[in-house]
>>> print(open('data-v4.cif').read())   # mmCIF, C-alpha atoms and all ligand atoms
data_my_file
loop_
_atom_site.label_atom_id
_atom_site.label_comp_id
_atom_site.auth_asym_id
_atom_site.auth_seq_id
_atom_site.Cartn_x
_atom_site.Cartn_y
_atom_site.Cartn_z
CA MET A 1 224.80 208.87 -3.42
CA SER A 2 225.55 207.78 0.12
CA GLY A 3 224.41 208.12 3.72
CA VAL A 4 220.66 208.36 4.17
CA PHE A 5 220.11 207.76 0.44
CA GLU A 6 221.80 204.39 0.53
CA ASN A 7 219.81 201.18 0.14
CA LYS A 8 220.70 199.14 3.23
CA GLU A 9 218.21 196.36 2.56
CA LEU A 10 218.93 192.69 1.92
CA PHE A 11 217.12 192.99 -1.42
CA LYS A 12 218.86 195.73 -3.39
CA SER A 13 218.01 198.35 -5.99
CA GLY A 14 219.22 197.94 -9.54
CA HIS A 15 217.18 194.79 -10.11
CA THR A 16 215.57 194.81 -13.52
CA ALA A 17 211.87 194.30 -12.75
CA CYS A 18 209.49 196.42 -14.83
CA ALA A 19 208.75 199.88 -13.45
CA GLY A 20 205.93 199.42 -10.94
CA CYS A 21 206.40 195.66 -10.42
CA ALA A 22 204.61 194.69 -7.20
CA VAL A 23 206.62 191.47 -6.94
CA ALA A 24 209.68 193.62 -6.23
CA THR A 25 207.81 195.65 -3.59
CA GLY A 26 206.69 192.38 -1.97
CA PHE A 27 210.24 191.00 -1.90
CA ARG A 28 211.42 194.08 0.00
CA HIS A 29 208.80 193.44 2.71
CA ILE A 30 209.49 189.71 2.79
CA MET A 31 213.25 190.22 3.17
CA ARG A 32 212.76 192.80 5.91
CA ALA A 33 210.84 190.13 7.84
CA VAL A 34 213.10 187.18 6.95
CA GLY A 35 216.41 188.85 7.91
CA LYS A 36 219.98 187.83 7.18
CA ASP A 37 220.03 184.27 8.51
CA CYS A 38 218.38 182.57 5.55
CA VAL A 39 218.79 180.73 2.28
CA ILE A 40 216.51 181.96 -0.51
CA VAL A 41 215.45 179.34 -3.04
CA ASN A 42 214.03 181.00 -6.13
CA ALA A 43 212.20 179.23 -8.95
CA THR A 44 212.66 180.33 -12.55
CA GLY A 45 210.28 183.12 -13.46
CA CYS A 46 210.37 186.91 -13.53
CA SER A 47 211.80 187.29 -10.04
CA GLU A 48 214.77 185.06 -10.73
CA ILE A 49 215.49 186.84 -14.01
CA PHE A 50 215.17 190.35 -12.61
CA THR A 51 217.23 189.67 -9.46
CA SER A 52 220.03 187.35 -10.51
CA ALA A 53 221.10 187.83 -14.13
CA TYR A 54 224.71 186.62 -14.05
CA PRO A 55 227.12 188.02 -12.95
CA LYS A 56 225.05 190.46 -10.91
CA SER A 57 222.67 189.84 -8.03
CA ALA A 58 220.20 191.89 -6.02
CA TRP A 59 220.55 189.51 -3.05
CA GLU A 60 222.65 190.14 0.04
CA VAL A 61 221.88 186.66 1.39
CA PRO A 62 222.66 183.09 0.25
CA TYR A 63 220.55 182.42 -2.81
CA VAL A 64 219.88 179.36 -4.95
CA HIS A 65 218.33 179.64 -8.37
CA CYS A 66 216.65 176.40 -9.30
CA VAL A 67 214.69 175.42 -12.37
CA PHE A 68 211.03 176.22 -12.97
CA GLU A 69 209.51 173.20 -11.23
CA ASN A 70 211.82 172.08 -8.43
CA ALA A 71 212.03 174.88 -5.83
CA ALA A 72 210.30 172.78 -3.15
CA PRO A 73 212.63 169.75 -3.35
CA VAL A 74 215.71 171.99 -3.59
CA ALA A 75 214.58 173.81 -0.43
CA ALA A 76 213.88 170.46 1.26
CA GLY A 77 217.43 169.33 0.43
CA VAL A 78 218.98 172.58 1.65
CA VAL A 79 217.12 172.53 4.96
CA GLU A 80 217.81 168.84 5.64
CA ALA A 81 221.53 169.39 4.94
CA LEU A 82 221.61 172.39 7.29
CA ARG A 83 219.81 170.54 10.07
CA ALA A 84 222.03 167.45 9.61
CA MET A 85 225.07 169.70 10.09
CA GLY A 86 223.60 170.89 13.38
CA ASN A 87 222.34 174.23 12.09
CA ASP A 88 218.86 174.61 13.53
CA HIS A 89 218.45 178.36 12.99
CA THR A 90 218.89 179.25 9.30
CA LYS A 91 215.54 179.85 7.59
CA VAL A 92 214.95 178.31 4.20
CA VAL A 93 212.50 180.35 2.15
CA VAL A 94 211.15 179.55 -1.31
CA LEU A 95 210.08 182.38 -3.60
CA ALA A 96 208.22 181.00 -6.61
CA GLY A 97 205.67 182.31 -9.08
CA ASP A 98 202.13 181.04 -9.52
CA GLY A 99 203.14 179.03 -12.59
CA ALA A 100 205.88 177.36 -10.58
CA SER A 101 203.63 176.77 -7.56
CA TYR A 102 200.06 176.21 -8.82
CA ASP A 103 201.12 174.30 -11.92
CA ILE A 104 204.48 172.83 -12.86
CA GLY A 105 205.96 172.53 -9.34
CA PHE A 106 202.67 171.56 -7.72
CA GLY A 107 203.46 167.87 -7.20
CA HIS A 108 206.87 168.75 -5.77
CA LEU A 109 205.32 171.32 -3.45
CA SER A 110 202.74 168.81 -2.28
CA GLY A 111 205.48 166.27 -1.56
CA MET A 112 207.54 168.83 0.37
CA LEU A 113 204.47 169.66 2.51
CA GLU A 114 203.61 166.01 3.10
CA ARG A 115 207.17 165.12 4.14
CA GLY A 116 207.09 167.99 6.61
CA HIS A 117 210.31 169.89 5.81
CA ASP A 118 211.03 173.05 7.79
CA VAL A 119 210.54 175.41 4.82
CA LEU A 120 208.56 178.59 4.25
CA TYR A 121 207.19 178.42 0.70
CA ILE A 122 206.03 181.78 -0.66
CA SER A 123 204.09 181.76 -3.89
CA TYR A 124 204.04 185.23 -5.37
CA ASP A 125 200.90 185.17 -7.46
CA ASN A 126 200.75 187.55 -10.41
CA GLU A 127 198.16 185.29 -11.99
CA ALA A 128 199.97 184.13 -15.14
CA TYR A 129 203.31 183.03 -16.61
CA MET A 130 204.64 186.54 -16.94
CA ASN A 131 208.31 186.02 -17.70
CA THR A 132 207.57 184.18 -20.93
CA GLY A 133 205.06 186.80 -22.08
CA VAL A 134 201.79 186.27 -20.19
CA GLN A 135 200.45 182.73 -20.64
CA ARG A 136 197.49 181.56 -18.55
CA SER A 137 198.19 179.51 -15.43
CA GLY A 138 196.06 177.72 -12.86
CA ALA A 139 196.11 181.02 -10.97
CA THR A 140 194.70 183.13 -13.82
CA PRO A 141 191.16 184.23 -12.96
CA TRP A 142 188.07 183.33 -14.96
CA LYS A 143 187.65 185.41 -18.16
CA ALA A 144 191.05 187.07 -17.93
CA TYR A 145 192.82 187.66 -21.21
CA THR A 146 196.29 186.14 -21.61
CA THR A 147 198.17 185.19 -24.80
CA THR A 148 196.88 181.61 -24.32
CA SER A 149 193.35 182.57 -23.23
CA GLN A 150 192.55 184.96 -26.02
CA VAL A 151 189.47 187.05 -26.61
CA GLY A 152 187.66 186.30 -29.85
CA SER A 153 184.09 185.98 -31.04
CA LYS A 154 183.56 182.53 -29.44
CA ILE A 155 186.00 182.32 -26.55
CA ARG A 156 186.37 185.38 -24.37
CA GLY A 157 189.29 184.95 -22.00
CA LYS A 158 190.12 182.08 -19.65
CA LEU A 159 187.44 179.39 -19.61
CA GLN A 160 188.30 177.97 -16.18
CA ASN A 161 188.25 179.31 -12.64
CA LYS A 162 191.28 180.19 -10.56
CA LYS A 163 192.64 177.20 -8.65
CA PRO A 164 191.82 177.49 -4.92
CA MET A 165 195.45 177.13 -3.91
CA THR A 166 195.20 178.39 -0.32
CA GLU A 167 192.57 175.74 0.46
CA ILE A 168 194.43 173.00 -1.43
CA VAL A 169 197.64 173.68 0.49
CA ALA A 170 195.73 173.91 3.78
CA ALA A 171 194.22 170.48 3.09
CA HIS A 172 197.73 169.04 3.60
CA GLY A 173 197.24 169.76 7.29
CA ILE A 174 200.44 171.81 7.61
CA PRO A 175 200.79 174.13 10.64
CA TYR A 176 200.48 177.49 8.86
CA VAL A 177 198.92 178.75 5.64
CA ALA A 178 198.13 182.40 4.90
CA SER A 179 197.32 184.83 2.12
CA SER A 180 198.50 188.41 1.74
CA THR A 181 199.48 190.99 -0.89
CA SER A 182 202.51 193.17 -1.63
CA ALA A 183 200.49 196.24 -0.68
CA HIS A 184 199.52 195.08 2.82
CA TYR A 185 203.02 195.23 4.21
CA THR A 186 202.12 195.11 7.93
CA ASP A 187 200.03 192.00 7.28
CA LEU A 188 202.67 190.44 5.01
CA GLU A 189 205.59 191.04 7.39
CA MET A 190 203.56 189.74 10.34
CA LYS A 191 202.75 186.56 8.42
CA VAL A 192 206.33 185.96 7.30
CA LYS A 193 207.58 186.39 10.88
CA LYS A 194 204.86 184.20 12.33
CA ALA A 195 205.47 181.48 9.73
CA LEU A 196 209.19 181.51 10.44
CA SER A 197 208.57 181.07 14.17
CA ILE A 198 206.86 177.73 13.45
CA ARG A 199 208.74 174.46 12.74
CA GLY A 200 207.63 172.50 9.70
CA PRO A 201 206.22 173.47 6.32
CA LYS A 202 204.52 176.85 5.93
CA PHE A 203 202.86 178.42 2.89
CA LEU A 204 202.09 182.03 1.96
CA ASN A 205 200.04 183.01 -1.08
CA VAL A 206 200.89 186.62 -1.98
CA LEU A 207 198.97 188.49 -4.68
CA CYS A 208 201.17 190.81 -6.79
CA THR A 209 200.19 193.14 -9.63
CA CYS A 210 202.05 192.65 -12.92
CA VAL A 211 202.07 195.80 -15.06
CA PRO A 212 202.35 194.25 -18.56
CA GLY A 213 200.46 191.08 -17.59
CA TRP A 214 197.44 192.82 -16.12
CA GLY A 215 197.66 195.81 -18.47
CA THR A 216 197.65 198.34 -15.67
CA ASP A 217 199.26 201.72 -15.11
CA PRO A 218 202.55 201.26 -13.24
CA SER A 219 201.60 203.87 -10.64
CA LEU A 220 198.50 201.83 -9.66
CA SER A 221 200.17 198.53 -8.74
CA ILE A 222 199.64 199.08 -5.02
CA GLN A 223 196.12 200.50 -5.43
CA TYR A 224 194.92 197.42 -7.36
CA LEU A 225 196.05 195.14 -4.54
CA LYS A 226 194.23 197.28 -1.97
CA ASP A 227 191.16 197.08 -4.22
CA ALA A 228 191.51 193.29 -4.52
CA VAL A 229 191.19 193.06 -0.74
CA ASP A 230 188.52 195.75 -0.37
CA THR A 231 186.30 194.11 -3.00
CA HIS A 232 186.69 190.69 -1.24
CA VAL A 233 188.34 189.27 -4.39
CA TRP A 234 191.47 188.38 -2.38
CA PRO A 235 190.77 187.90 1.34
CA LEU A 236 193.60 188.20 3.85
CA LEU A 237 193.50 184.91 5.75
CA GLU A 238 195.43 182.69 8.12
CA ILE A 239 194.84 178.97 8.64
CA GLU A 240 196.80 178.06 11.74
CA ASN A 241 196.72 174.43 12.91
CA GLY A 242 193.62 174.01 10.78
CA TYR A 243 191.71 176.97 12.22
CA LEU A 244 190.75 179.80 9.88
CA LYS A 245 191.05 183.45 10.81
CA MET A 246 190.14 186.34 8.51
CA ASN A 247 192.56 189.19 9.17
CA MET A 248 190.48 191.90 7.55
CA LYS A 249 186.77 192.22 6.86
CA PRO A 250 186.61 195.45 4.89
CA GLU A 251 183.27 196.90 3.93
CA LYS A 252 182.75 195.42 0.47
CA LYS A 253 183.39 197.59 -2.57
CA PRO A 254 181.78 196.46 -5.87
CA VAL A 255 184.01 194.15 -7.88
CA GLU A 256 184.18 196.73 -10.75
CA THR A 257 186.43 198.84 -8.53
CA TYR A 258 189.06 196.15 -8.92
CA LEU A 259 188.35 195.04 -12.51
CA LYS A 260 188.21 198.47 -14.13
CA GLY A 261 191.30 199.77 -15.88
CA GLN A 262 192.88 196.30 -16.17
CA LYS A 263 193.35 195.53 -19.86
CA ARG A 264 193.07 191.77 -19.20
CA PHE A 265 189.43 192.38 -18.19
CA LYS A 266 188.46 195.12 -20.64
CA HIS A 267 186.28 192.78 -22.77
CA LEU A 268 184.00 191.85 -19.83
CA THR A 269 180.29 192.39 -20.34
CA PRO A 270 178.01 193.66 -17.54
CA GLU A 271 176.78 190.03 -17.26
CA ASP A 272 180.35 188.80 -16.77
CA VAL A 273 180.89 191.38 -14.06
CA SER A 274 177.73 190.32 -12.19
CA GLU A 275 178.78 186.68 -12.53
CA ILE A 276 182.18 187.53 -11.04
CA GLN A 277 180.46 189.49 -8.25
CA LYS A 278 178.35 186.42 -7.48
CA MET A 279 181.38 184.15 -7.39
CA VAL A 280 183.28 186.56 -5.13
CA ASP A 281 180.30 186.89 -2.76
CA GLU A 282 179.82 183.12 -2.54
CA ARG A 283 183.47 182.51 -1.79
CA TRP A 284 183.52 185.27 0.82
CA GLU A 285 180.43 183.88 2.55
CA GLY A 286 182.12 180.49 2.58
CA TRP A 287 185.15 181.92 4.36
CA VAL A 288 183.01 183.80 6.89
CA TRP A 289 181.02 180.63 7.60
CA ARG A 290 184.17 178.54 8.00
CA GLU A 291 185.72 181.09 10.37
CA LYS A 292 182.59 180.95 12.52
CA VAL A 293 182.60 177.14 12.62
CA ASP A 294 186.34 177.01 13.36
CA THR A 295 186.08 179.58 16.16
CA GLU A 296 183.28 177.61 17.82
CA ARG A 297 185.17 174.33 17.46
CA LYS A 298 188.31 175.86 18.88
CA LYS A 299 186.35 177.11 21.89
CA GLU A 300 184.70 173.71 22.38
CA LEU A 301 188.02 171.91 22.31
CA GLY A 302 189.53 174.54 24.61
CA GLU A 303 192.43 175.19 22.21
CA MET B 1 236.10 175.61 -11.88
CA LYS B 2 234.81 178.99 -10.82
CA PRO B 3 231.28 178.79 -9.37
CA ALA B 4 228.65 180.62 -11.40
CA ASN B 5 227.73 182.97 -8.59
CA GLY B 6 226.60 186.53 -8.88
CA LYS B 7 228.27 188.76 -6.27
CA PRO B 8 225.93 189.89 -3.46
CA GLY B 9 224.27 193.24 -4.01
CA THR B 10 225.96 193.91 -7.36
CA SER B 11 222.64 194.80 -8.98
CA MET B 12 223.47 198.24 -7.54
CA GLU B 13 225.80 198.60 -10.57
CA ASN B 14 222.68 198.72 -12.78
CA LYS B 15 221.73 202.38 -12.83
CA THR B 16 218.07 201.77 -13.66
CA GLY B 17 217.36 205.51 -13.42
CA SER B 18 218.19 205.67 -17.13
CA TRP B 19 214.87 203.88 -17.84
CA ARG B 20 212.84 206.78 -16.50
CA THR B 21 210.64 209.06 -18.58
CA GLN B 22 208.64 210.50 -15.66
CA MET B 23 210.43 211.86 -12.63
CA PRO B 24 209.03 212.12 -9.09
CA VAL B 25 209.55 215.58 -7.62
CA VAL B 26 208.84 216.00 -3.91
CA ASP B 27 207.39 219.17 -2.40
CA LYS B 28 209.41 218.94 0.81
CA GLU B 29 207.35 221.66 2.51
CA LYS B 30 204.22 219.52 2.18
CA CYS B 31 205.86 216.14 2.97
CA ILE B 32 204.80 214.78 6.38
CA LYS B 33 207.61 212.13 6.41
CA CYS B 34 205.14 209.26 6.84
CA GLY B 35 207.29 206.86 4.79
CA GLN B 36 204.50 205.48 2.58
CA CYS B 37 206.53 206.22 -0.57
CA ALA B 38 209.62 204.49 0.83
CA MET B 39 207.64 201.41 1.88
CA ASN B 40 205.86 200.89 -1.45
CA CYS B 41 208.61 201.70 -3.97
CA PRO B 42 209.48 198.50 -5.92
CA ASP B 43 213.05 199.67 -6.30
CA GLY B 44 213.85 200.72 -2.73
CA CYS B 45 215.05 204.07 -4.02
CA ILE B 46 213.09 206.75 -2.18
CA PHE B 47 214.09 207.60 1.37
CA VAL B 48 212.68 209.68 4.19
CA THR B 49 215.31 212.20 5.24
CA PRO B 50 215.02 214.78 8.03
CA ASN B 51 214.08 217.26 5.27
CA GLY B 52 211.40 215.07 3.69
CA ALA B 53 211.23 212.30 1.08
CA GLN B 54 214.16 212.08 -1.35
CA PRO B 55 214.25 209.82 -4.43
CA ASN B 56 217.58 208.38 -5.52
CA TYR B 57 217.40 209.20 -9.22
CA GLU B 58 220.24 206.79 -10.03
CA TYR B 59 217.76 203.91 -9.58
CA CYS B 60 214.26 205.45 -9.77
CA LYS B 61 212.39 204.00 -12.80
CA GLY B 62 209.66 206.63 -12.61
CA CYS B 63 206.78 204.21 -11.99
CA GLY B 64 204.81 206.81 -10.02
CA ILE B 65 203.81 204.51 -7.14
CA CYS B 66 205.33 206.92 -4.58
CA SER B 67 203.24 209.75 -6.00
CA GLN B 68 200.08 207.59 -6.01
CA VAL B 69 200.40 206.33 -2.41
CA CYS B 70 201.43 209.67 -0.85
CA PRO B 71 198.58 210.62 1.53
CA VAL B 72 199.20 214.38 1.17
CA LYS B 73 199.93 214.23 -2.59
CA CYS B 74 203.26 216.03 -2.33
CA ILE B 75 205.01 214.01 -5.06
CA LYS B 76 204.44 215.19 -8.64
CA MET B 77 205.47 213.15 -11.67
CA VAL B 78 207.04 215.43 -14.28
CA THR B 79 208.13 214.53 -17.79
CA GLU B 80 211.88 214.47 -17.88
CA GLU B 81 213.93 216.23 -20.54
CA LYS B 82 217.10 214.29 -21.34
C1 LIG C 1 210.41 173.16 -17.65
C2 LIG C 1 210.30 174.57 -18.12
N1 LIG C 1 209.29 174.93 -18.93
C3 LIG C 1 209.18 176.20 -19.35
C4 LIG C 1 210.11 177.13 -18.98
C5 LIG C 1 209.97 178.54 -19.48
N2 LIG C 1 209.56 179.47 -18.41
C6 LIG C 1 210.44 180.20 -17.71
S1 LIG C 1 209.72 181.21 -16.60
C7 LIG C 1 208.18 180.70 -17.08
C8 LIG C 1 206.95 181.29 -16.47
C9 LIG C 1 207.02 181.51 -15.02
O1 LIG C 1 205.74 181.82 -14.52
P1 LIG C 1 205.50 182.07 -12.99
O2 LIG C 1 205.99 180.92 -12.20
O3 LIG C 1 204.08 182.45 -12.79
O4 LIG C 1 206.46 183.30 -12.65
P2 LIG C 1 206.38 184.80 -13.25
O5 LIG C 1 207.26 184.83 -14.45
O6 LIG C 1 204.96 185.11 -13.56
O7 LIG C 1 206.93 185.66 -12.17
C10 LIG C 1 208.26 179.74 -18.08
C11 LIG C 1 207.11 179.11 -18.74
C12 LIG C 1 211.17 176.72 -18.15
N3 LIG C 1 212.09 177.59 -17.71
N4 LIG C 1 211.25 175.44 -17.73
S1 LIG C 2 206.54 191.16 -16.23
FE1 LIG C 2 205.28 191.54 -14.41
S2 LIG C 2 206.09 190.25 -12.77
FE2 LIG C 2 207.61 190.35 -14.43
S3 LIG C 2 209.00 192.03 -13.79
FE3 LIG C 2 207.43 192.91 -15.11
S4 LIG C 2 205.81 193.62 -13.74
FE4 LIG C 2 207.11 192.21 -12.58
S1 LIG C 3 208.74 206.73 -9.14
FE1 LIG C 3 208.67 204.52 -8.58
S2 LIG C 3 210.83 203.89 -8.65
FE2 LIG C 3 210.82 206.14 -8.52
S3 LIG C 3 210.97 206.60 -6.33
FE3 LIG C 3 208.78 206.60 -6.90
S4 LIG C 3 208.08 204.53 -6.40
FE4 LIG C 3 210.33 204.44 -6.51
MG MG C 4 203.28 184.33 -12.50
#
>>> encode(input="data-v4.cif", output="structure tokens")
Amino acid sequence: MSGVFENKELFKSGHTACAGCAVATGFRHIMRAVGKDCVIVNATGCSEIFTSAYPKSAWEVPYVHCVFENAAPVAAGVVEALRAMGNDHTKVVVLAGDGASYDIGFGHLSGMLERGHDVLYISYDNEAYMNTGVQRSGATPWKAYTTTSQVGSKIRGKLQNKKPMTEIVAAHGIPYVASSTSAHYTDLEMKVKKALSIRGPKFLNVLCTCVPGWGTDPSLSIQYLKDAVDTHVWPLLEIENGYLKMNMKPEKKPVETYLKGQKRFKHLTPEDVSEIQKMVDERWEGWVWREKVDTERKKELGE
Amino acid sequence: MKPANGKPGTSMENKTGSWRTQMPVVDKEKCIKCGQCAMNCPDGCIFVTPNGAQPNYEYCKGCGICSQVCPVKCIKMVTEEK
């Protein structure tokens, strides 16, 4: 087909993500906002496998595939080389999974942030190591089933809580940290563009449904992300120069709206669900409180 | 030594439409051309044309997201006979 049916995007069709993969939807939005003048640095994980299986590639822009753990230092090297050659315009953008970002590449990411390289690091968070068949990561939520957080008579899903990555990254004092999802494309594109207008390290935490990993119907990948935001499970936030802003305060839907129909949560008892509701409410109240404090402080300091 | 580079955009050679078991069919009369389907498709393979939304079946994997996000429910998923 040609003409109006042609894919003219920088991230092409024919990639081999599962049907309904929200990571792929998110990459389309991200690339629309990033534009042509970039270098993409992609950590090993689903997205690297489904976009760049040799000799084919879904990318229309310069692209580096690095190993599982070193996307941040590779990006730091690329950007420093570009800047040393007098190129002060090309954007260096990392795309890395939650396993790569929250876990194995965490020290490298922290170092990249601390050294202050001009890199936008995007962690696409599908809440487990999906490419190797769904192992739990630091991003997997409490009680979720994965192949390494099984459900049996004693242990019922992941024993630990999800790592508070947005806060941990923000604690580095970098100029811009934000969260979004693949479904909230206006929000996501705005945040990518804003981040790229700022010099220095920037971090985006983007929630993405994984069809086999979450055990969800492929047609519902976008709906689940909308539900994650509407239930307050995944707030849309920005922390700019240390000040928190909540981009959306939707009227809260019960947490079941988000949990139901996901096979990774199908063993939850009513008690588990109320425990999760309590945790979500507490975290949400914490964000609302911090936004209030930050807004007042900002006003006081006249910033 | 030849660099181990994939050629830009060559994923387009993968005709992922062959994966499909369900096929999105658009009722063009009902389509309001809002573009929700085109925005949310993971495969970038449904387009808003002057006549309404049009999937590119060469790439469409039949996930059903377009049908689910359509605000006027004008995309039906039908089982495909091959
Ligand atoms: C050092 C190292 N350990 C393990 C692997 C195997 N491996 C490849 S991808 C992957 C999981 C990636 O998880 P994540 O970063 O969350 O990305 P996703 O696949 O979920 O998109 C693992 C464990 C590897 N490539 N390198
Ligand atoms: S396993 Fe999950 S993240 Fe990986 S391609 Fe499939 S849907 Fe996407
Ligand atoms: S069924 Fe899925 S892949 Fe096919 S056009 Fe709709 S959203 Fe795109
Ligand atoms: Mg992952």
>>> residues_around(input="data-v4.cif", residues="region 271-274 of chain A", least_positions_apart="5", cutoff="12 Å", atoms="all atoms listed in the file", output="list in words")
Trp142, Lys143, Ala144, Arg156, Gly157, Pro254, Val255, Glu256, Thr257, Tyr258, Leu259, Lys260, Phe265, Lys266, Met279, Val280 and Asp281 of chain A
>>> interface_residues(input="data-v4.cif", of="chain B", to="chain A", cutoff="8 Å", atoms="all atoms listed in the file", output="count of residues only")
36
>>> residues_near_point(input="data-v4.cif", point="(200.1, 179.8, -18.9)", cutoff="9 Å", atoms="only C-alpha atoms", output="list of chain:residue names")
A:Gly99, A:Asp103, A:Ala128, A:Tyr129, A:Met130, A:Thr132, A:Val134, A:Gln135, A:Arg136, A:Ser137, A:Gly138, A:Ala139, A:Thr140, A:Thr146, A:Thr147, A:Thr148, A:Ser149
>>> closest_atom_pairs(input="data-v4.cif", of="chain A", to="ligand LIG 1 (chain C)", cutoff="7 Å", atoms="all atoms listed in the file", output="Markdown table")
| residue | atom | partner | partner_atom | distance |
| --- | --- | --- | --- | --- |
| A:Thr44 | CA | C:LIG1 | S1 | 5.1 |
| A:Gly45 | CA | C:LIG1 | O5 | 3.6 |
| A:Cys46 | CA | C:LIG1 | O5 | 3.9 |
| A:Ser47 | CA | C:LIG1 | O7 | 5.6 |
| A:Val67 | CA | C:LIG1 | N3 | 6.3 |
| A:Phe68 | CA | C:LIG1 | N4 | 4.8 |
| A:Glu69 | CA | C:LIG1 | C1 | 6.5 |
| A:Ala96 | CA | C:LIG1 | O2 | 6.0 |
| A:Gly97 | CA | C:LIG1 | O2 | 3.4 |
| A:Asp98 | CA | C:LIG1 | O3 | 4.1 |
| A:Gly99 | CA | C:LIG1 | O2 | 3.4 |
| A:Ala100 | CA | C:LIG1 | O2 | 3.9 |
| A:Ser101 | CA | C:LIG1 | O2 | 6.7 |
| A:Asp125 | CA | C:LIG1 | O3 | 6.8 |
| A:Asn126 | CA | C:LIG1 | O6 | 5.8 |
| A:Glu127 | CA | C:LIG1 | O3 | 6.6 |
| A:Ala128 | CA | C:LIG1 | O3 | 5.0 |
| A:Tyr129 | CA | C:LIG1 | O1 | 3.4 |
| A:Met130 | CA | C:LIG1 | O6 | 3.7 |
| A:Asn131 | CA | C:LIG1 | O5 | 3.6 |
| A:Thr132 | CA | C:LIG1 | C7 | 5.2 |
>>> residues_around(input="data-v4.cif", residues="Glu167 (chain A)", least_positions_apart="3", cutoff="12 Å", atoms="all atoms listed in the file", output="PyMOL selection string")
chain A and resi 102+162-164+170-174+176-179+203-205+237-239+242-244+283+286-287+290
>>> closest_residue(input="data-v4.cif", among="A:Gly215, A:Gly77, A:Gly200, A:Gly133", to="ligand MG 4 (chain C)", atoms="all atoms listed in the file")
A:Gly133
>>> axis_aligned_box(input="data-v4.cif", around="ligand LIG 3 (chain C)", padding_each_side="3 Å", output="JSON")
{"center_x": 209.5, "center_y": 205.3, "center_z": -7.7, "size_x": 8.9, "size_y": 8.8, "size_z": 8.8}
>>> residues_near_point(input="data-v4.cif", point="(220.3, 173.2, 7.3)", cutoff="12 Å", atoms="only C-alpha atoms", output="list in words")
Asp37, Cys38, Val39, Val74, Ala75, Ala76, Gly77, Val78, Val79, Glu80, Ala81, Leu82, Arg83, Ala84, Met85, Gly86, Asn87, Asp88, His89, Thr90, Lys91, Val92, Val93, His117, Asp118 and Val119 of chain A
>>> write_last_selection(input="data-v4.cif", atoms="C-alpha atoms", output="PDB file, in the coordinates of the input")
ATOM      1  CA  ASP A  37     220.030 184.270   8.510  1.00  0.00           C
ATOM      2  CA  CYS A  38     218.380 182.570   5.550  1.00  0.00           C
ATOM      3  CA  VAL A  39     218.790 180.730   2.280  1.00  0.00           C
ATOM      4  CA  VAL A  74     215.710 171.990  -3.590  1.00  0.00           C
ATOM      5  CA  ALA A  75     214.580 173.810  -0.430  1.00  0.00           C
ATOM      6  CA  ALA A  76     213.880 170.460   1.260  1.00  0.00           C
ATOM      7  CA  GLY A  77     217.430 169.330   0.430  1.00  0.00           C
ATOM      8  CA  VAL A  78     218.980 172.580   1.650  1.00  0.00           C
ATOM      9  CA  VAL A  79     217.120 172.530   4.960  1.00  0.00           C
ATOM     10  CA  GLU A  80     217.810 168.840   5.640  1.00  0.00           C
ATOM     11  CA  ALA A  81     221.530 169.390   4.940  1.00  0.00           C
ATOM     12  CA  LEU A  82     221.610 172.390   7.290  1.00  0.00           C
ATOM     13  CA  ARG A  83     219.810 170.540  10.070  1.00  0.00           C
ATOM     14  CA  ALA A  84     222.030 167.450   9.610  1.00  0.00           C
ATOM     15  CA  MET A  85     225.070 169.700  10.090  1.00  0.00           C
ATOM     16  CA  GLY A  86     223.600 170.890  13.380  1.00  0.00           C
ATOM     17  CA  ASN A  87     222.340 174.230  12.090  1.00  0.00           C
ATOM     18  CA  ASP A  88     218.860 174.610  13.530  1.00  0.00           C
ATOM     19  CA  HIS A  89     218.450 178.360  12.990  1.00  0.00           C
ATOM     20  CA  THR A  90     218.890 179.250   9.300  1.00  0.00           C
ATOM     21  CA  LYS A  91     215.540 179.850   7.590  1.00  0.00           C
ATOM     22  CA  VAL A  92     214.950 178.310   4.200  1.00  0.00           C
ATOM     23  CA  VAL A  93     212.500 180.350   2.150  1.00  0.00           C
ATOM     24  CA  HIS A 117     210.310 169.890   5.810  1.00  0.00           C
ATOM     25  CA  ASP A 118     211.030 173.050   7.790  1.00  0.00           C
ATOM     26  CA  VAL A 119     210.540 175.410   4.820  1.00  0.00           C
TER      27      VAL A 119
END
>>> atom_distance(input="data-v4.cif", atom1="CA of Asp187 (chain A)", atom2="CA of Pro175 (chain A)")
18.2 Å
>>> atom_distance(input="data-v4.cif", atom1="atom S1 of ligand LIG 3 (chain C)", atom2="CA of Cys60 (chain B)")
5.7 Å
>>> atom_distance(input="data-v4.cif", atom1="atom MG of ligand MG 4 (chain C)", atom2="CA of Lys226 (chain A)")
19.0 Å
>>> closest_residue(input="data-v4.cif", among="B:Cys37, B:Val72, B:Cys31, B:Glu80", to="Ser18 (chain B)", atoms="all atoms listed in the file")
B:Glu80
>>> closest_residue(input="data-v4.cif", among="A:Ile40, A:Thr181, A:Glu251, A:Cys210", to="Leu225 (chain A)", atoms="all atoms listed in the file")
A:Thr181
>>> residues_around(input="data-v4.cif", residues="Lys28 (chain B)", least_positions_apart="2", cutoff="12 Å", atoms="all atoms listed in the file", output="JSON, numbers by chain")
{"B": [25, 26, 30, 31, 32, 33, 48, 49, 50, 51, 52, 53, 54, 55, 72, 73, 74, 75, 76]}
>>> decode(input="data-v4.cif", residues="region 269-276 of chain A", atoms="C-alpha atoms", output="compact mmCIF listing (two decimals), in the first residue's frame")
# COMPACT_ATOMS: atom_id res chain seq x y z
CA THR A 269 -8.16 -12.22 48.21
CA PRO A 270 -10.58 -9.43 49.19
CA GLU A 271 -8.15 -8.68 52.07
CA ASP A 272 -5.27 -8.30 49.61
CA VAL A 273 -7.35 -5.91 47.53
CA SER A 274 -8.20 -3.75 50.55
CA GLU A 275 -4.53 -3.77 51.57
CA ILE A 276 -3.57 -2.59 48.07
